[in-house]
>>> print(open('input.cif').read())   # mmCIF, C-alpha atoms
data_target
#
loop_
_atom_site.label_atom_id
_atom_site.label_comp_id
_atom_site.auth_asym_id
_atom_site.auth_seq_id
_atom_site.Cartn_x
_atom_site.Cartn_y
_atom_site.Cartn_z
CA MET A 2 25.25 -10.41 -20.29
CA LYS A 3 23.39 -12.80 -18.00
CA VAL A 4 19.63 -12.83 -18.39
CA ASP A 5 17.78 -12.43 -15.08
CA ARG A 6 15.02 -15.00 -15.56
CA LYS A 7 13.45 -14.32 -12.16
CA LYS A 8 13.10 -10.63 -12.98
CA GLN A 9 11.60 -11.49 -16.37
CA ILE A 10 9.04 -13.73 -14.67
CA VAL A 11 8.20 -11.18 -11.96
CA ASP A 12 7.82 -8.37 -14.53
CA ALA A 13 5.64 -10.56 -16.79
CA ALA A 14 3.47 -11.67 -13.87
CA GLY A 15 3.07 -8.08 -12.66
CA LYS A 16 1.99 -6.96 -16.13
CA SER A 17 -0.41 -9.86 -16.52
CA PHE A 18 -1.94 -9.38 -13.05
CA ALA A 19 -2.34 -5.65 -13.77
CA LEU A 20 -3.97 -6.26 -17.16
CA PHE A 21 -6.11 -9.33 -16.53
CA GLY A 22 -6.26 -9.71 -12.76
CA TYR A 23 -4.86 -12.46 -10.59
CA LYS A 24 -7.58 -15.00 -11.19
CA ALA A 25 -7.54 -14.63 -15.00
CA THR A 26 -3.75 -14.94 -15.22
CA SER A 27 -2.33 -18.41 -15.84
CA MET A 28 1.21 -19.65 -15.35
CA GLU A 29 1.28 -20.42 -19.10
CA GLN A 30 0.44 -16.79 -19.84
CA ILE A 31 3.21 -15.58 -17.51
CA ALA A 32 5.70 -17.96 -19.13
CA LYS A 33 4.76 -16.73 -22.59
CA LEU A 34 5.07 -13.05 -21.58
CA ALA A 35 8.39 -13.73 -19.83
CA ASN A 36 9.65 -15.69 -22.83
CA VAL A 37 10.55 -18.67 -20.63
CA GLY A 38 9.33 -22.23 -20.29
CA LYS A 39 6.60 -22.82 -17.73
CA GLY A 40 8.97 -25.07 -15.76
CA THR A 41 11.39 -22.16 -15.35
CA ILE A 42 8.79 -20.31 -13.28
CA TYR A 43 8.67 -23.23 -10.84
CA THR A 44 12.42 -23.03 -10.25
CA PHE A 45 11.75 -19.67 -8.54
CA PHE A 46 8.15 -19.92 -7.28
CA ASN A 47 6.05 -22.83 -6.03
CA ASN A 48 2.84 -21.47 -7.50
CA LYS A 49 1.00 -18.37 -8.69
CA GLU A 50 0.18 -17.38 -5.11
CA ASP A 51 3.90 -17.33 -4.17
CA LEU A 52 4.54 -15.15 -7.20
CA LEU A 53 1.79 -12.72 -6.13
CA HIS A 54 3.24 -12.55 -2.60
CA TYR A 55 6.70 -11.82 -3.98
CA ILE A 56 5.34 -9.04 -6.21
CA MET A 57 3.30 -7.55 -3.35
CA GLU A 58 6.39 -7.49 -1.10
CA ASP A 59 8.22 -5.54 -3.81
CA LEU A 60 5.26 -3.18 -4.13
CA ILE A 61 5.14 -2.64 -0.36
CA ASN A 62 8.88 -1.90 -0.26
CA GLU A 63 8.59 0.59 -3.15
CA MET A 64 5.66 2.25 -1.39
CA ARG A 65 7.57 2.45 1.90
CA VAL A 66 10.57 4.07 0.19
CA ALA A 67 8.26 6.58 -1.54
CA ALA A 68 6.65 7.44 1.81
CA GLU A 69 10.01 7.84 3.58
CA GLU A 70 11.19 10.23 0.88
CA THR A 71 8.37 12.63 1.84
CA PHE A 72 9.73 13.26 5.35
CA GLU A 73 11.29 16.67 5.96
CA ALA A 74 13.17 17.57 9.12
CA GLY A 75 11.60 21.03 9.50
CA LEU A 76 7.99 19.82 9.37
CA SER A 77 5.86 18.86 12.35
CA PHE A 78 5.16 15.25 13.22
CA HIS A 79 1.59 15.33 11.90
CA GLU A 80 2.60 17.12 8.67
CA ASN A 81 5.15 14.38 7.98
CA VAL A 82 2.67 11.61 8.83
CA HIS A 83 0.07 13.20 6.56
CA ARG A 84 2.56 13.43 3.70
CA ALA A 85 3.69 9.81 4.16
CA ILE A 86 0.17 8.35 4.33
CA TYR A 87 -0.98 10.44 1.40
CA LYS A 88 2.02 9.24 -0.62
CA MET A 89 1.31 5.59 0.22
CA LEU A 90 -2.35 5.85 -0.74
CA GLU A 91 -1.52 7.91 -3.82
CA TYR A 92 0.94 5.19 -4.78
CA ARG A 93 -1.82 2.61 -4.40
CA LEU A 94 -4.13 4.72 -6.56
CA LYS A 95 -1.61 5.17 -9.36
CA HIS A 96 0.02 1.74 -9.48
CA GLN A 97 -1.83 -0.35 -12.08
CA LEU A 98 -1.31 -3.65 -10.28
CA ALA A 99 -2.62 -2.28 -6.98
CA ILE A 100 -5.66 -0.81 -8.76
CA LYS A 101 -6.47 -4.10 -10.48
CA LEU A 102 -6.04 -6.11 -7.28
CA PHE A 103 -8.18 -3.65 -5.33
CA GLU A 104 -10.93 -4.10 -7.96
CA GLU A 105 -10.55 -7.89 -7.94
CA SER A 106 -10.71 -8.06 -4.13
CA LYS A 107 -14.34 -6.90 -4.34
CA PHE A 108 -15.13 -10.29 -5.89
CA GLY A 109 -13.58 -12.06 -2.91
CA THR A 110 -10.68 -13.86 -4.63
CA PRO A 111 -9.01 -15.26 -1.47
CA GLU A 112 -5.40 -14.81 -2.62
CA VAL A 113 -6.07 -11.23 -3.64
CA VAL A 114 -7.93 -10.41 -0.42
CA GLU A 115 -4.98 -11.82 1.54
CA ALA A 116 -2.48 -9.84 -0.56
CA LEU A 117 -4.38 -6.60 0.04
CA ASN A 118 -4.69 -7.38 3.75
CA ASN A 119 -0.89 -7.75 3.81
CA PHE A 120 -0.64 -4.43 1.98
CA GLU A 121 -2.82 -2.72 4.60
CA GLU A 122 -0.91 -4.45 7.41
CA ALA A 123 2.36 -3.04 6.03
CA ILE A 124 0.91 0.49 6.06
CA ILE A 125 -0.37 0.04 9.63
CA ASN A 126 3.02 -1.28 10.77
CA TYR A 127 4.76 1.66 9.12
CA ILE A 128 2.46 4.20 10.82
CA THR A 129 2.78 2.30 14.13
CA ASN A 130 6.57 2.69 14.05
CA ILE A 131 6.26 6.42 13.32
CA LEU A 132 3.84 6.79 16.23
CA LYS A 133 6.17 4.91 18.61
CA GLN A 134 9.00 7.29 17.70
CA ALA A 135 6.71 10.29 18.19
CA ILE A 136 5.62 9.03 21.63
CA GLU A 137 9.26 8.52 22.66
CA ALA A 138 10.15 12.01 21.40
CA GLY A 139 7.22 13.56 23.29
CA ASP A 140 5.59 14.79 20.07
CA ILE A 141 2.34 13.00 20.93
CA ARG A 142 0.92 11.76 24.17
CA PRO A 143 1.13 8.08 25.09
CA CYS A 144 -1.43 5.95 23.29
CA ASN A 145 -1.71 2.49 21.79
CA PRO A 146 0.27 3.11 18.58
CA ARG A 147 -1.15 0.12 16.70
CA ILE A 148 -4.79 1.04 17.33
CA THR A 149 -4.02 4.68 16.59
CA ALA A 150 -2.30 3.69 13.32
CA PHE A 151 -5.35 1.63 12.37
CA VAL A 152 -7.71 4.54 13.12
CA ILE A 153 -5.54 7.02 11.19
CA LEU A 154 -5.45 4.75 8.15
CA LYS A 155 -9.19 4.02 8.25
CA VAL A 156 -10.11 7.71 8.61
CA TYR A 157 -7.76 8.54 5.76
CA VAL A 158 -9.15 5.79 3.51
CA ALA A 159 -12.71 6.83 4.36
CA LEU A 160 -12.00 10.45 3.44
CA ILE A 161 -10.19 9.59 0.21
CA PHE A 162 -12.24 6.69 -1.13
CA ASP A 163 -15.62 6.50 0.60
CA TRP A 164 -16.31 10.23 0.85
CA GLU A 165 -15.50 10.73 -2.82
CA LYS A 166 -18.11 8.21 -3.98
CA ASN A 167 -20.89 10.78 -3.48
CA ASN A 168 -19.04 14.01 -2.71
CA PRO A 169 -16.42 16.22 -4.31
CA SER A 170 -12.80 15.17 -3.77
CA LEU A 171 -10.98 16.73 -0.88
CA SER A 172 -7.74 18.58 -1.51
CA LYS A 173 -4.52 17.61 0.26
CA GLU A 174 -4.96 20.68 2.44
CA GLU A 175 -8.54 19.74 3.40
CA LEU A 176 -7.40 16.20 4.22
CA ALA A 177 -4.59 17.56 6.36
CA GLU A 178 -6.98 19.88 8.22
CA LEU A 179 -9.48 17.08 8.85
CA LEU A 180 -6.80 14.69 10.09
CA ASP A 181 -5.47 17.44 12.31
CA LEU A 182 -8.96 18.09 13.72
CA TYR A 183 -10.07 14.48 14.19
CA ILE A 184 -6.82 12.73 15.01
CA PHE A 185 -3.78 14.84 15.79
CA GLN A 186 -5.36 17.39 18.13
CA GLY A 187 -6.63 14.43 20.12
CA ILE A 188 -3.20 12.81 20.57
CA SER A 189 -1.18 16.01 20.65
CA ALA A 190 1.18 16.30 23.62
CA ASN A 191 0.29 20.01 23.87
CA HIS A 192 -3.45 19.39 24.15
#
>>> encode(input="input.cif", output="structure tokens")
Amino acid sequence: MKVDRKKQIVDAAGKSFALFGYKATSMEQIAKLANVGKGTIYTFFNNKEDLLHYIMEDLINEMRVAAEETFEAGLSFHENVHRAIYKMLEYRLKHQLAIKLFEESKFGTPEVVEALNNFEEAIINYITNILKQAIEAGDIRPCNPRITAFVILKVYVALIFDWEKNNPSLSKEELAELLDLYIFQGISANH
């Protein structure tokens, strides 16, 4: 059986980033956890930042798949969008690496801030594509899908994270109602 060294390195780096954060993780530490020589890491990745980008791309792809699995043919456009966004943000909340990076970004570590910006960009692009399809299908009225995706994400994040700092958590149903009121009634084709 062939040992997948790259996978060992990626798994070790993910664990180390999740436990100690990006900044506190060294290539030596990753090598030790992966049970490989430090030089082996450099056969796959130029530096720690490349390794973080690779891991974040995997995380984004996993999140996208999880969101796509929430779509159901019989549900309305906005019910499906709500389910997909909720799943993506829930994924971010439950994934240890994402949690640690989100915490570390508050300290302004440039590589982490960039990684989380890429994470947010992937969510916006995903929502943008859904909105474009909905516009073409006549489910929503014409609008700038990128700006609308940005607004949807920011409202969602504000209701999940910012609101809950000083207020009781909102249920999925309350979130869906608020998104419907503030966003979807405004872009609805039947409005």
>>> closest_residue(input="input.cif", among="A:Glu105, A:Leu117, A:Thr44, A:Ile86", to="Val156 (chain A)", atoms="only C-alpha atoms")
A:Ile86
>>> atom_distance(input="input.cif", atom1="CA of Pro111 (chain A)", atom2="CA of Lys49 (chain A)")
12.7 Å
>>> resolve_selection(input="input.cif", expression="the PyMOL selection byres ((chain A and resi 96) around 12)", output="PyMOL selection string")
chain A and resi 15-16+18-20+57+60-61+63-64+88-95+97-103
>>> axis_aligned_box(input="input.cif", around="region 137-155 of chain A", padding_each_side="5 Å", output="JSON")
{"center_x": 0.5, "center_y": 7.5, "center_z": 16.6, "size_x": 29.3, "size_y": 24.7, "size_z": 26.9}
>>> closest_residue(input="input.cif", among="A:Asn119, A:Asn36, A:Thr71, A:Thr26", to="His54 (chain A)", atoms="only C-alpha atoms")
A:Asn119
>>> closest_atom_pairs(input="input.cif", of="region 46-91 of chain A", to="region 182-188 of chain A", cutoff="12 Å", atoms="all atoms listed in the file", output="JSON lines")
{"residue": "A:Ser77", "atom": "CA", "partner": "A:Phe185", "partner_atom": "CA", "distance": 11.0}
{"residue": "A:Phe78", "atom": "CA", "partner": "A:Phe185", "partner_atom": "CA", "distance": 9.3}
{"residue": "A:His79", "atom": "CA", "partner": "A:Phe185", "partner_atom": "CA", "distance": 6.6}
{"residue": "A:Glu80", "atom": "CA", "partner": "A:Phe185", "partner_atom": "CA", "distance": 9.8}
{"residue": "A:Asn81", "atom": "CA", "partner": "A:Phe185", "partner_atom": "CA", "distance": 11.9}
{"residue": "A:Val82", "atom": "CA", "partner": "A:Phe185", "partner_atom": "CA", "distance": 10.0}
{"residue": "A:His83", "atom": "CA", "partner": "A:Phe185", "partner_atom": "CA", "distance": 10.1}
>>> residues_around(input="input.cif", residues="Asp12 (chain A)", least_positions_apart="3", cutoff="10 Å", atoms="all atoms listed in the file", output="ChimeraX atom specification")
/A:6-9,15-18,31,34-35,56
>>> resolve_selection(input="input.cif", expression="the PyMOL selection byres ((chain A and resi 151) around 12)", output="ChimeraX atom specification")
/A:86,121-129,132,145-150,152-158,184
>>> atom_distance(input="input.cif", atom1="CA of Cys144 (chain A)", atom2="CA of Leu179 (chain A)")
19.9 Å
>>> atom_distance(input="input.cif", atom1="CA of Gln30 (chain A)", atom2="CA of Ile10 (chain A)")
10.5 Å
>>> closest_residue(input="input.cif", among="A:Ala138, A:Ala68, A:Ile42, A:Leu180", to="Tyr87 (chain A)", atoms="all atoms listed in the file")
A:Ala68
>>> closest_residue(input="input.cif", among="A:Ile131, A:Glu178, A:Glu112, A:Ala32", to="Phe72 (chain A)", atoms="all atoms listed in the file")
A:Ile131
>>> build_atoms(input="input.cif", residues="region 38-49 of chain A", atoms="all heavy atoms", output="PDB file, in the frame of the given file")
ATOM      1  N   GLY A  38      10.167 -21.033 -20.417  1.00  0.00           N
ATOM      2  CA  GLY A  38       9.330 -22.230 -20.290  1.00  0.00           C
ATOM      3  C   GLY A  38       8.592 -22.189 -18.974  1.00  0.00           C
ATOM      4  O   GLY A  38       9.068 -21.614 -17.994  1.00  0.00           O
ATOM      5  N   LYS A  39       7.421 -22.810 -18.948  1.00  0.00           N
ATOM      6  CA  LYS A  39       6.600 -22.820 -17.730  1.00  0.00           C
ATOM      7  C   LYS A  39       7.386 -23.409 -16.554  1.00  0.00           C
ATOM      8  O   LYS A  39       7.288 -22.922 -15.425  1.00  0.00           O
ATOM      9  CB  LYS A  39       5.324 -23.625 -17.995  1.00  0.00           C
ATOM     10  CG  LYS A  39       4.333 -23.589 -16.873  1.00  0.00           C
ATOM     11  CD  LYS A  39       3.052 -24.313 -17.284  1.00  0.00           C
ATOM     12  CE  LYS A  39       2.244 -24.726 -16.081  1.00  0.00           C
ATOM     13  NZ  LYS A  39       1.091 -25.522 -16.450  1.00  0.00           N
ATOM     14  N   GLY A  40       8.187 -24.447 -16.816  1.00  0.00           N
ATOM     15  CA  GLY A  40       8.970 -25.070 -15.760  1.00  0.00           C
ATOM     16  C   GLY A  40       9.970 -24.114 -15.118  1.00  0.00           C
ATOM     17  O   GLY A  40      10.295 -24.247 -13.933  1.00  0.00           O
ATOM     18  N   THR A  41      10.441 -23.140 -15.881  1.00  0.00           N
ATOM     19  CA  THR A  41      11.390 -22.160 -15.350  1.00  0.00           C
ATOM     20  C   THR A  41      10.764 -21.350 -14.215  1.00  0.00           C
ATOM     21  O   THR A  41      11.436 -21.016 -13.236  1.00  0.00           O
ATOM     22  CB  THR A  41      11.872 -21.207 -16.479  1.00  0.00           C
ATOM     23  OG1 THR A  41      12.415 -21.992 -17.530  1.00  0.00           O
ATOM     24  CG2 THR A  41      12.910 -20.219 -15.976  1.00  0.00           C
ATOM     25  N   ILE A  42       9.486 -21.059 -14.332  1.00  0.00           N
ATOM     26  CA  ILE A  42       8.790 -20.310 -13.280  1.00  0.00           C
ATOM     27  C   ILE A  42       8.876 -21.083 -11.967  1.00  0.00           C
ATOM     28  O   ILE A  42       9.143 -20.508 -10.905  1.00  0.00           O
ATOM     29  CB  ILE A  42       7.321 -20.040 -13.654  1.00  0.00           C
ATOM     30  CG1 ILE A  42       7.235 -19.142 -14.884  1.00  0.00           C
ATOM     31  CG2 ILE A  42       6.571 -19.398 -12.473  1.00  0.00           C
ATOM     32  CD1 ILE A  42       5.831 -18.956 -15.435  1.00  0.00           C
ATOM     33  N   TYR A  43       8.692 -22.407 -12.049  1.00  0.00           N
ATOM     34  CA  TYR A  43       8.670 -23.230 -10.840  1.00  0.00           C
ATOM     35  C   TYR A  43      10.047 -23.423 -10.205  1.00  0.00           C
ATOM     36  O   TYR A  43      10.146 -23.905  -9.082  1.00  0.00           O
ATOM     37  CB  TYR A  43       7.991 -24.575 -11.135  1.00  0.00           C
ATOM     38  CG  TYR A  43       6.519 -24.399 -11.446  1.00  0.00           C
ATOM     39  CD1 TYR A  43       6.042 -24.502 -12.747  1.00  0.00           C
ATOM     40  CD2 TYR A  43       5.609 -24.094 -10.432  1.00  0.00           C
ATOM     41  CE1 TYR A  43       4.694 -24.327 -13.036  1.00  0.00           C
ATOM     42  CE2 TYR A  43       4.265 -23.914 -10.700  1.00  0.00           C
ATOM     43  CZ  TYR A  43       3.808 -24.027 -12.006  1.00  0.00           C
ATOM     44  OH  TYR A  43       2.485 -23.837 -12.280  1.00  0.00           O
ATOM     45  N   THR A  44      11.095 -23.012 -10.889  1.00  0.00           N
ATOM     46  CA  THR A  44      12.420 -23.030 -10.250  1.00  0.00           C
ATOM     47  C   THR A  44      12.556 -21.871  -9.253  1.00  0.00           C
ATOM     48  O   THR A  44      13.397 -21.921  -8.367  1.00  0.00           O
ATOM     49  CB  THR A  44      13.571 -22.962 -11.277  1.00  0.00           C
ATOM     50  OG1 THR A  44      13.481 -21.738 -11.995  1.00  0.00           O
ATOM     51  CG2 THR A  44      13.552 -24.141 -12.225  1.00  0.00           C
ATOM     52  N   PHE A  45      11.708 -20.842  -9.421  1.00  0.00           N
ATOM     53  CA  PHE A  45      11.750 -19.670  -8.540  1.00  0.00           C
ATOM     54  C   PHE A  45      10.548 -19.579  -7.602  1.00  0.00           C
ATOM     55  O   PHE A  45      10.663 -19.051  -6.494  1.00  0.00           O
ATOM     56  CB  PHE A  45      11.817 -18.383  -9.375  1.00  0.00           C
ATOM     57  CG  PHE A  45      13.025 -18.286 -10.246  1.00  0.00           C
ATOM     58  CD1 PHE A  45      12.935 -18.521 -11.608  1.00  0.00           C
ATOM     59  CD2 PHE A  45      14.263 -17.980  -9.707  1.00  0.00           C
ATOM     60  CE1 PHE A  45      14.047 -18.432 -12.424  1.00  0.00           C
ATOM     61  CE2 PHE A  45      15.389 -17.885 -10.516  1.00  0.00           C
ATOM     62  CZ  PHE A  45      15.286 -18.119 -11.877  1.00  0.00           C
ATOM     63  N   PHE A  46       9.390 -20.056  -8.048  1.00  0.00           N
ATOM     64  CA  PHE A  46       8.150 -19.920  -7.280  1.00  0.00           C
ATOM     65  C   PHE A  46       7.381 -21.243  -7.287  1.00  0.00           C
ATOM     66  O   PHE A  46       7.309 -21.910  -8.314  1.00  0.00           O
ATOM     67  CB  PHE A  46       7.269 -18.813  -7.890  1.00  0.00           C
ATOM     68  CG  PHE A  46       7.964 -17.484  -7.964  1.00  0.00           C
ATOM     69  CD1 PHE A  46       8.549 -17.063  -9.144  1.00  0.00           C
ATOM     70  CD2 PHE A  46       8.059 -16.670  -6.846  1.00  0.00           C
ATOM     71  CE1 PHE A  46       9.208 -15.837  -9.217  1.00  0.00           C
ATOM     72  CE2 PHE A  46       8.717 -15.449  -6.903  1.00  0.00           C
ATOM     73  CZ  PHE A  46       9.304 -15.033  -8.106  1.00  0.00           C
ATOM     74  N   ASN A  47       6.805 -21.582  -6.137  1.00  0.00           N
ATOM     75  CA  ASN A  47       6.050 -22.830  -6.030  1.00  0.00           C
ATOM     76  C   ASN A  47       4.742 -22.803  -6.804  1.00  0.00           C
ATOM     77  O   ASN A  47       4.293 -23.822  -7.306  1.00  0.00           O
ATOM     78  CB  ASN A  47       5.737 -23.152  -4.559  1.00  0.00           C
ATOM     79  CG  ASN A  47       6.981 -23.504  -3.786  1.00  0.00           C
ATOM     80  OD1 ASN A  47       7.899 -24.112  -4.328  1.00  0.00           O
ATOM     81  ND2 ASN A  47       7.025 -23.115  -2.523  1.00  0.00           N
ATOM     82  N   ASN A  48       4.138 -21.607  -6.840  1.00  0.00           N
ATOM     83  CA  ASN A  48       2.840 -21.470  -7.500  1.00  0.00           C
ATOM     84  C   ASN A  48       2.545 -19.987  -7.765  1.00  0.00           C
ATOM     85  O   ASN A  48       3.347 -19.115  -7.416  1.00  0.00           O
ATOM     86  CB  ASN A  48       1.727 -22.110  -6.648  1.00  0.00           C
ATOM     87  CG  ASN A  48       1.737 -21.598  -5.212  1.00  0.00           C
ATOM     88  OD1 ASN A  48       1.968 -20.421  -4.961  1.00  0.00           O
ATOM     89  ND2 ASN A  48       1.503 -22.497  -4.269  1.00  0.00           N
ATOM     90  N   LYS A  49       1.399 -19.742  -8.345  1.00  0.00           N
ATOM     91  CA  LYS A  49       1.000 -18.370  -8.690  1.00  0.00           C
ATOM     92  C   LYS A  49       0.841 -17.511  -7.433  1.00  0.00           C
ATOM     93  O   LYS A  49       1.175 -16.324  -7.437  1.00  0.00           O
ATOM     94  CB  LYS A  49      -0.305 -18.427  -9.501  1.00  0.00           C
ATOM     95  CG  LYS A  49      -0.719 -17.108 -10.099  1.00  0.00           C
ATOM     96  CD  LYS A  49      -1.857 -17.257 -11.105  1.00  0.00           C
ATOM     97  CE  LYS A  49      -3.164 -17.569 -10.467  1.00  0.00           C
ATOM     98  NZ  LYS A  49      -4.321 -17.387 -11.368  1.00  0.00           N
TER      99      LYS A  49
END
